[in-house]
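Printed here is input.txt (compact mmCIF, C-alpha atoms and all ligand atoms):
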```txt
# COMPACT_ATOMS: atom_id res chain seq x y z
CA MET A 274 72.65 104.00 100.01
CA THR A 275 75.57 104.60 102.36
CA ARG A 276 77.38 107.86 101.64
CA VAL A 277 81.17 107.85 102.00
CA PHE A 278 83.47 110.89 102.00
CA SER A 279 87.22 111.10 102.41
CA GLY A 280 90.12 113.27 101.38
CA VAL A 281 93.85 113.78 100.96
CA LYS A 282 95.77 116.94 101.60
CA PRO A 283 98.23 118.09 98.89
CA THR A 284 101.08 119.02 101.23
CA GLY A 285 103.53 116.44 99.88
CA HIS A 286 103.79 113.42 97.62
CA LEU A 287 101.39 110.65 98.57
CA THR A 288 102.94 107.91 100.69
CA LEU A 289 102.58 104.22 101.29
CA GLY A 290 100.78 105.23 104.51
CA ASN A 291 98.15 107.15 102.52
CA TYR A 292 97.83 104.22 100.15
CA LEU A 293 97.49 101.40 102.69
CA GLY A 294 95.68 103.41 105.35
CA ALA A 295 93.09 104.99 103.09
CA MET A 296 93.27 104.96 99.28
CA ARG A 297 93.38 101.23 98.82
CA ARG A 298 90.05 100.76 100.57
CA TRP A 299 88.48 103.63 98.66
CA VAL A 300 89.43 101.85 95.45
CA GLY A 301 88.79 98.24 96.49
CA VAL A 302 85.74 98.59 98.71
CA ASP A 303 84.11 101.98 99.19
CA GLN A 304 83.52 103.03 95.59
CA HIS A 305 81.81 99.68 94.91
CA ARG A 306 79.41 99.58 97.82
CA ALA A 307 78.61 103.20 98.58
CA GLU A 308 77.90 106.55 97.04
CA ALA A 309 81.43 107.80 97.47
CA LEU A 310 83.20 111.15 97.18
CA PHE A 311 86.97 111.60 97.31
CA CYS A 312 88.40 115.04 97.60
CA ILE A 313 91.77 116.73 97.13
CA VAL A 314 91.49 119.03 100.12
CA ASP A 315 93.63 121.89 98.85
CA LEU A 316 92.29 124.54 101.26
CA HIS A 317 93.76 122.46 104.08
CA ALA A 318 97.19 122.73 102.45
CA LEU A 319 97.17 126.47 103.13
CA THR A 320 97.18 126.06 106.91
CA VAL A 321 100.99 125.84 107.08
CA GLU A 322 103.66 127.77 105.21
CA HIS A 323 103.23 126.88 101.55
CA ASP A 324 104.46 127.58 98.06
CA PRO A 325 101.47 128.37 95.79
CA ALA A 326 102.96 126.70 92.70
CA ARG A 327 103.79 123.56 94.69
CA VAL A 328 100.27 123.26 96.13
CA ARG A 329 98.85 123.54 92.64
CA ARG A 330 101.26 120.93 91.31
CA LEU A 331 100.65 118.54 94.20
CA SER A 332 96.87 118.92 93.87
CA ARG A 333 97.02 117.88 90.24
CA GLN A 334 99.39 115.07 91.09
CA ALA A 335 97.22 113.78 93.94
CA ALA A 336 94.20 113.66 91.63
CA THR A 337 96.23 111.77 89.03
CA VAL A 338 97.51 109.29 91.61
CA LEU A 339 94.00 108.65 92.99
CA LEU A 340 92.75 107.87 89.50
CA ALA A 341 95.85 105.78 88.78
CA ALA A 342 95.19 103.80 91.96
CA GLY A 343 91.82 102.86 90.55
CA LEU A 344 89.18 105.40 91.58
CA ASP A 345 86.67 105.19 88.77
CA PRO A 346 84.78 108.40 87.94
CA GLU A 347 81.88 106.24 86.76
CA ARG A 348 81.56 104.87 90.27
CA CYS A 349 82.56 107.76 92.50
CA THR A 350 83.07 111.51 92.56
CA VAL A 351 86.64 112.81 92.56
CA PHE A 352 87.05 116.56 92.97
CA VAL A 353 89.04 119.45 94.41
CA GLN A 354 87.77 121.08 97.60
CA SER A 355 88.31 124.70 96.51
CA HIS A 356 86.14 124.11 93.42
CA VAL A 357 83.10 123.69 95.64
CA ASP A 358 82.32 126.83 97.69
CA GLU A 359 80.02 124.95 100.03
CA HIS A 360 82.97 123.71 102.12
CA ALA A 361 84.06 127.21 103.09
CA ARG A 362 80.46 128.41 103.51
CA LEU A 363 79.63 125.63 105.90
CA SER A 364 82.92 125.89 107.74
CA TYR A 365 81.99 129.37 108.97
CA LEU A 366 78.66 128.19 110.35
CA LEU A 367 80.38 125.34 112.16
CA GLU A 368 82.87 127.82 113.65
CA CYS A 369 79.82 129.33 115.29
CA VAL A 370 79.04 125.97 116.88
CA ALA A 371 82.56 124.85 117.86
CA THR A 372 84.53 126.32 120.78
CA ASP A 373 88.10 127.54 120.88
CA GLY A 374 88.86 125.11 123.73
CA GLU A 375 87.81 122.21 121.54
CA MET A 376 90.16 123.38 118.81
CA ARG A 377 93.13 123.81 121.12
CA ARG A 378 92.73 120.26 122.41
CA MET A 379 93.21 118.70 118.96
CA ILE A 380 96.35 116.58 118.98
CA GLN A 381 97.40 117.42 115.43
CA TYR A 382 97.05 121.13 116.12
CA ARG A 383 99.22 120.88 119.20
CA GLU A 384 101.88 118.89 117.38
CA LYS A 385 101.96 121.05 114.27
CA ALA A 386 101.69 124.37 116.10
CA GLY A 387 104.53 123.23 118.39
CA LEU A 388 106.69 122.44 115.36
CA GLU A 389 105.97 125.77 113.69
CA ARG A 390 106.81 127.67 116.86
CA ALA A 391 109.98 125.64 117.40
CA ARG A 392 111.09 126.65 113.91
CA GLY A 393 110.57 130.26 114.91
CA GLY A 394 107.54 130.64 112.65
CA SER A 395 104.06 131.85 113.44
CA VAL A 396 100.98 129.66 113.55
CA ARG A 397 98.26 130.42 111.03
CA LEU A 398 94.80 130.85 112.49
CA SER A 399 93.56 128.39 109.85
CA LEU A 400 95.68 125.66 111.47
CA LEU A 401 93.59 126.08 114.61
CA THR A 402 90.29 125.98 112.72
CA TYR A 403 91.40 123.19 110.36
CA PRO A 404 89.25 120.51 112.05
CA VAL A 405 86.16 122.69 111.57
CA LEU A 406 86.78 122.88 107.83
CA MET A 407 87.29 119.12 107.86
CA ALA A 408 83.96 118.72 109.66
CA ALA A 409 82.37 120.89 106.97
CA ASP A 410 83.88 118.66 104.26
CA ILE A 411 82.20 115.68 105.84
CA LEU A 412 78.88 117.14 106.99
CA ALA A 413 78.11 119.02 103.75
CA TYR A 414 77.54 115.67 102.03
CA ARG A 415 75.43 114.03 104.73
CA THR A 416 78.23 111.48 105.02
CA ASP A 417 77.66 108.20 106.86
CA GLU A 418 81.20 106.85 106.79
CA VAL A 419 84.65 108.40 106.64
CA PRO A 420 87.33 105.86 105.68
CA VAL A 421 90.61 107.14 107.13
CA GLY A 422 93.80 106.05 108.85
CA ASP A 423 94.04 106.12 112.65
CA ASP A 424 95.46 109.62 112.80
CA GLN A 425 92.16 111.20 111.73
CA THR A 426 90.00 109.63 114.44
CA GLN A 427 89.92 112.69 116.68
CA HIS A 428 88.97 114.95 113.76
CA VAL A 429 86.07 112.70 112.75
CA GLU A 430 84.94 112.63 116.39
CA LEU A 431 84.80 116.41 116.31
CA ALA A 432 82.70 116.30 113.13
CA ARG A 433 80.31 113.99 114.98
CA ASP A 434 80.14 116.30 117.99
CA LEU A 435 79.47 119.34 115.82
CA ALA A 436 76.75 117.53 113.87
CA VAL A 437 74.98 116.47 117.06
CA ARG A 438 75.30 119.93 118.61
CA PHE A 439 74.04 121.73 115.50
CA ASN A 440 71.12 119.33 115.15
CA GLN A 441 70.16 119.78 118.80
CA ARG A 442 70.32 123.56 118.69
CA TYR A 443 68.88 124.31 115.28
CA GLY A 444 66.93 121.27 114.19
CA HIS A 445 67.92 118.12 112.38
CA THR A 446 70.21 119.11 109.50
CA PHE A 447 73.26 116.81 109.44
CA VAL A 448 73.86 113.09 109.38
CA VAL A 449 76.19 112.04 112.20
CA PRO A 450 79.19 110.38 110.51
CA ARG A 451 81.54 107.70 111.77
CA ALA A 452 85.16 106.88 110.96
CA THR A 453 86.13 103.50 109.51
CA HIS A 454 89.68 102.14 109.58
CA PRO A 455 91.49 99.32 107.80
CA GLU A 456 92.13 96.14 109.80
CA VAL A 457 95.87 96.35 109.23
CA ALA A 458 98.06 99.33 108.40
CA ALA A 459 95.71 101.90 109.94
CA ARG A 460 98.91 103.65 111.05
CA VAL A 461 101.96 102.92 108.92
CA MET A 462 105.05 104.09 110.76
CA ASN A 463 108.15 105.81 109.40
CA LEU A 464 110.72 103.15 108.46
CA LYS A 465 113.56 105.08 110.08
CA GLU A 466 111.59 106.28 113.07
CA PRO A 467 109.02 103.60 113.93
CA ALA A 468 107.69 105.66 116.82
CA SER A 469 106.37 108.27 114.32
CA LYS A 470 103.70 107.99 111.67
CA MET A 471 104.88 107.86 108.06
CA GLY A 472 103.75 111.37 107.06
CA LYS A 473 104.07 113.15 103.71
CA SER A 474 105.90 116.16 105.01
CA ASP A 475 108.17 114.61 107.60
CA ASP A 476 111.73 115.31 108.53
CA PHE A 477 112.57 111.60 108.30
CA GLY A 478 112.64 111.43 104.47
CA PRO A 479 114.56 108.15 104.03
CA GLY A 480 111.93 106.40 106.13
CA ILE A 481 109.05 107.42 103.85
CA VAL A 482 108.02 105.30 100.88
CA TYR A 483 106.20 107.37 98.29
CA VAL A 484 103.58 105.86 95.99
CA LEU A 485 105.60 107.06 92.98
CA ASP A 486 109.02 105.88 94.23
CA GLU A 487 110.91 103.78 91.65
CA PRO A 488 111.16 100.06 92.59
CA ASP A 489 114.85 100.34 93.45
CA VAL A 490 114.21 103.30 95.70
CA VAL A 491 111.48 101.34 97.49
CA ARG A 492 113.83 98.38 97.93
CA LYS A 493 116.59 100.55 99.32
CA LYS A 494 114.28 102.29 101.80
CA VAL A 495 112.74 99.05 103.06
CA MET A 496 116.10 97.25 103.32
CA ARG A 497 117.40 100.15 105.41
CA ALA A 498 114.40 100.20 107.74
CA VAL A 499 115.23 100.36 111.44
CA THR A 500 114.49 97.06 113.14
CA ASP A 501 114.78 96.24 116.81
CA SER A 502 117.52 94.85 118.99
CA GLY A 503 115.98 91.35 119.24
CA ARG A 504 116.59 88.73 116.56
CA ASP A 505 113.44 86.64 116.23
CA VAL A 506 110.61 87.94 114.10
CA VAL A 507 107.54 88.44 116.29
CA TYR A 508 104.59 90.81 115.96
CA ASP A 509 104.77 93.04 119.02
CA ARG A 510 103.75 96.63 118.32
CA ALA A 511 104.84 98.04 121.66
CA GLY A 512 108.01 96.00 122.18
CA ARG A 513 109.20 95.67 118.56
CA PRO A 514 107.74 98.61 116.68
CA GLY A 515 110.14 98.42 113.70
CA VAL A 516 109.51 94.78 112.96
CA ALA A 517 105.78 95.11 113.68
CA ASN A 518 105.59 97.92 111.13
CA LEU A 519 107.24 95.77 108.45
CA LEU A 520 104.92 92.87 109.27
CA GLU A 521 101.89 95.15 108.98
CA ILE A 522 103.05 96.52 105.66
CA LEU A 523 103.72 93.02 104.36
CA ALA A 524 100.33 91.80 105.63
CA ALA A 525 98.52 94.74 104.08
CA CYS A 526 100.23 94.17 100.73
CA THR A 527 99.77 90.39 100.62
CA GLY A 528 96.46 89.99 102.42
CA GLY A 529 97.98 88.06 105.34
CA ASN A 530 97.87 88.58 109.05
CA PRO A 531 100.85 90.25 110.80
CA SER A 532 101.00 87.82 113.74
CA ASP A 533 100.90 84.76 111.48
CA LEU A 534 103.51 86.23 109.18
CA GLY A 535 105.78 86.80 112.19
CA GLY A 536 106.09 83.04 112.63
CA VAL A 537 107.18 82.54 109.02
CA TYR A 538 110.48 84.45 109.11
CA GLU A 539 113.75 83.50 110.71
CA SER A 540 115.64 86.68 109.99
CA TYR A 541 115.00 90.38 109.63
CA GLY A 542 116.78 90.33 106.27
CA ALA A 543 114.33 87.87 104.74
CA LEU A 544 111.37 89.81 106.15
CA LYS A 545 112.68 93.05 104.67
CA LYS A 546 113.32 91.47 101.30
CA ASP A 547 109.79 90.06 101.02
CA THR A 548 108.26 93.28 102.32
CA ALA A 549 110.17 95.33 99.76
CA GLU A 550 109.03 93.08 96.91
CA ALA A 551 105.43 93.08 98.14
CA VAL A 552 105.40 96.90 98.21
CA VAL A 553 106.98 97.10 94.76
CA GLU A 554 104.28 94.77 93.38
CA VAL A 555 101.44 96.72 94.99
CA LEU A 556 102.72 100.02 93.62
CA ARG A 557 103.69 98.76 90.16
CA PRO A 558 100.25 98.99 88.48
CA VAL A 559 99.54 102.35 90.11
CA GLN A 560 102.79 103.77 88.75
CA ALA A 561 102.17 102.35 85.27
CA ARG A 562 98.70 103.87 85.12
CA HIS A 563 100.03 107.14 86.53
CA LYS A 564 102.47 107.38 83.63
CA GLU A 565 99.60 106.90 81.15
CA LEU A 566 97.43 109.49 82.85
CA CYS A 567 100.25 112.05 82.89
CA ALA A 568 100.25 111.83 79.12
CA ASP A 569 96.56 112.80 79.12
CA PRO A 570 96.15 115.79 81.47
CA GLY A 571 92.90 116.75 79.74
CA TYR A 572 91.31 113.57 81.06
CA VAL A 573 92.19 114.36 84.68
CA GLU A 574 90.95 117.94 84.29
CA GLY A 575 87.68 116.69 82.86
CA VAL A 576 87.19 114.27 85.75
CA LEU A 577 87.78 117.08 88.27
CA ARG A 578 85.40 119.43 86.45
CA ASP A 579 82.59 116.86 86.40
CA GLY A 580 83.39 115.85 89.96
CA ALA A 581 83.08 119.42 91.23
CA GLU A 582 79.75 119.84 89.49
CA ARG A 583 78.36 116.66 91.02
CA ALA A 584 79.75 117.50 94.45
CA ARG A 585 78.29 121.00 94.35
CA ALA A 586 74.85 119.63 93.54
CA MET A 587 75.08 117.23 96.46
CA ALA A 588 76.38 119.72 99.02
CA ARG A 589 74.29 122.78 98.22
CA PRO A 590 70.89 121.64 99.59
CA THR A 591 72.42 120.63 102.93
CA VAL A 592 74.46 123.81 103.30
CA ASP A 593 71.47 125.96 102.30
CA ALA A 594 69.38 124.12 104.89
CA ALA A 595 72.05 124.83 107.52
CA TYR A 596 71.99 128.56 106.62
CA ARG A 597 68.24 128.68 107.11
CA ALA A 598 68.30 126.61 110.29
CA ILE A 599 70.90 128.77 112.02
CA GLY A 600 68.90 131.95 111.44
CA LEU A 601 70.22 133.60 108.28
CA LEU A 602 67.73 135.40 106.08
CA PRO A 603 67.32 133.67 102.71
CA ALA A 604 68.55 135.77 99.76
CA SER A 605 65.33 135.54 97.78
P1 LIG B 1 96.17 113.20 104.93
O1 LIG B 1 96.30 113.89 103.62
O2 LIG B 1 97.23 113.42 105.95
O3 LIG B 1 96.05 111.65 104.70
C1 LIG B 1 95.13 111.09 103.80
C2 LIG B 1 94.64 109.76 104.33
O4 LIG B 1 95.76 108.88 104.54
C3 LIG B 1 95.74 108.41 105.89
N1 LIG B 1 97.13 108.29 106.34
C4 LIG B 1 97.65 107.17 106.87
N2 LIG B 1 97.11 105.97 107.12
C5 LIG B 1 97.94 105.03 107.67
N3 LIG B 1 99.24 105.27 107.95
C6 LIG B 1 99.82 106.46 107.72
N4 LIG B 1 101.10 106.67 107.99
C7 LIG B 1 99.00 107.50 107.15
N5 LIG B 1 99.24 108.78 106.78
C8 LIG B 1 98.08 109.25 106.30
C9 LIG B 1 95.02 109.48 106.67
O5 LIG B 1 94.48 108.95 107.87
C10 LIG B 1 93.95 109.89 105.70
O6 LIG B 1 92.86 109.00 105.75
N6 LIG B 1 92.84 115.85 107.54
C11 LIG B 1 93.00 114.86 106.50
C12 LIG B 1 92.38 115.25 105.16
C13 LIG B 1 90.94 115.59 105.22
C14 LIG B 1 89.87 114.69 105.33
C15 LIG B 1 88.69 115.48 105.29
C16 LIG B 1 89.80 113.30 105.46
C17 LIG B 1 90.41 116.84 105.14
N7 LIG B 1 89.06 116.77 105.17
C18 LIG B 1 87.42 114.90 105.40
C19 LIG B 1 88.52 112.74 105.57
C20 LIG B 1 87.38 113.51 105.53
C21 LIG B 1 94.47 114.65 106.24
O7 LIG B 1 95.29 115.47 106.56
O8 LIG B 1 94.75 113.52 105.55
```
So, in terms of structure tokens, how does the structure I just supplied come out?
Ligand code: TYM
Amino acid sequence: MTRVFSGVKPTGHLTLGNYLGAMRRWVGVDQHRAEALFCIVDLHALTVEHDPARVRRLSRQAATVLLAAGLDPERCTVFVQSHVDEHARLSYLLECVATDGEMRRMIQYREKAGLERARGGSVRLSLLTYPVLMAADILAYRTDEVPVGDDQTQHVELARDLAVRFNQRYGHTFVVPRATHPEVAARVMNLKEPASKMGKSDDFGPGIVYVLDEPDVVRKKVMRAVTDSGRDVVYDRAGRPGVANLLEILAACTGGNPSDLGGVYESYGALKKDTAEAVVEVLRPVQARHKELCADPGYVEGVLRDGAERARAMARPTVDAAYRAIGLLPAS
């Protein structure tokens, strides 16, 4: 059976980008057709300046939102990365296979390190090695497919490279994974800054729709989205990024096609109104279920405890095999 692994980082509240780019497929497709694991990757949240209480709170919230969105613990494994030691164990071995040049070439590292330095802060070493830990997340489970948004492509490529290199040097140990992306909304852009991705921890707050935003907040954000100087509604990602983004969001929420939808609208106002309502409708059941789950924190904790146990059992044999293959003396 195909093995699927993916994750979310608890560095901010989950966004419409996370939902349309990744979570929705995990819920609607992956958990039904594959042996799937979904992880709250909390160790990754420590790579930039962080508040310990906030990371804890966001980790719990992310788990609750994933379950509210429809991940079913009977069908898939939902767990927290730091509960399974195998991720950190394997990450170190992969650091011995990766090179520093490879790490410095990673686009996200360059962007985030640049931002940290511009703010006068220092760059944590873990930000540089982040993609290695991500590779460990994936490779520990002998993952075939990694369903992610566009922004993670380079990281999954690195995981592939490290798997191939390790296998060549030390004998076949890892499955070589591949990224999968949604057909539309693989990169949802910020509504106020359509040249930038809609990210959880952005500076362009009013352009970010959060999964838990109240309907009126969603409406306000979408109605105030930046459009382009033209007037007709056409799907042109390069020339009309603001409108194209709205068309993609609308298409992803309604199951249509962004180019076809472009022909339907005569004004930006009408497009925004329908997009806002479509987003509200997509988020409504998730928010309702989230409210129920918040009233039952014991349930979420139980799911995470079982998930960690299952994940550990899946990861351990592969990570142990990697320890032996690379030349470490077995403990017993
Ligand atoms: P993270 O937490 O930034 O995002 C979680 C998932 O949401 C997707 N995504 C988007 N998709 C479309 N449009 C957007 N604006 C948008 N923003 C985010 C991301 O592509 C991702 O699929 N490094 C990862 C977490 C991670 C991981 C892993 C993922 C750690 N280990 C192993 C897969 C496998 C990250 O920061 O995702």
Neighbourhood of ligand LIG 1 (chain B) at 6 Å, counting only C-alpha atoms and all ligand atoms, reported as number ranges by chain: A: 278-282, 290-291, 294-295, 314, 407, 410-411, 419, 421-425, 458-462, 470-472
Which residue out of A:Ala517, A:Ala586, A:Leu400, A:Ala432 has the minimum interatomic distance to Asn530 of chain A when all atoms listed in the file are used?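 Checking each candidate against Asn530 of chain A, we get A:Ala517 as the closest.
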Segment 309-393 of chain A residues near segment 439-452 of chain A within 12 Å, closest pair each, using all atoms listed in the file, as a Markdown table:
```
| residue | atom | partner | partner_atom | distance |
| --- | --- | --- | --- | --- |
| A:Leu363 | CA | A:Phe447 | CA | 11.4 |
| A:Leu366 | CA | A:Phe439 | CA | 9.5 |
| A:Leu367 | CA | A:Phe439 | CA | 8.0 |
| A:Glu368 | CA | A:Phe439 | CA | 10.9 |
| A:Cys369 | CA | A:Phe439 | CA | 9.6 |
| A:Val370 | CA | A:Phe439 | CA | 6.7 |
| A:Ala371 | CA | A:Phe439 | CA | 9.4 |
```
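Here atom CA of Val437 of chain A and atom CA of Ala318 of chain A stand 27.3 Å from one another.
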Using all atoms listed in the file, which of the listed residues (A:Arg433, A:Arg390, A:His286, A:Lys545) sits closest to Tyr483 of chain A?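 Comparing A:Arg433, A:Arg390, A:His286, A:Lys545 against Tyr483 of chain A, the winner is A:His286.
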Need the shell around segment 484-496 of chain A: protein/DNA/RNA residues with any atom at most 10 Å away, counting all atoms listed in the file. Skip same-chain ones fewer than 4 positions apart. Format as a PyMOL selection string? chain A and resi 286-292+338+342+464-465+478-480+500+519+541-557+559-561+563-564
Which of A:Asp345, A:Asp533, A:Glu384, A:Asp373 sits closest to Val300 of chain A [using only C-alpha atoms]: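 For Val300 of chain A, the nearest of the given residues is A:Asp345.
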When distances are computed from all atoms listed in the file, which of A:Gly600, A:Gly580, A:Pro590, A:Gly393 shows the smallest separation from Cys349 of chain A?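 Smallest separation from Cys349 of chain A among the options: A:Gly580.
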Quick one: residues within 8 Å of Val351 of chain A, all atoms listed in the file counted, chain neighbours fewer than 2 positions away excluded, as a PyMOL selection string? chain A and resi 310-313+336+344+346+349+353+576-577+580-581
Residue among A:Gly503, A:Pro404, A:Pro467, A:Pro283 lying closest to Thr337 of chain A, counting all atoms listed in the file: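 Nearest to Thr337 of chain A: A:Pro283.
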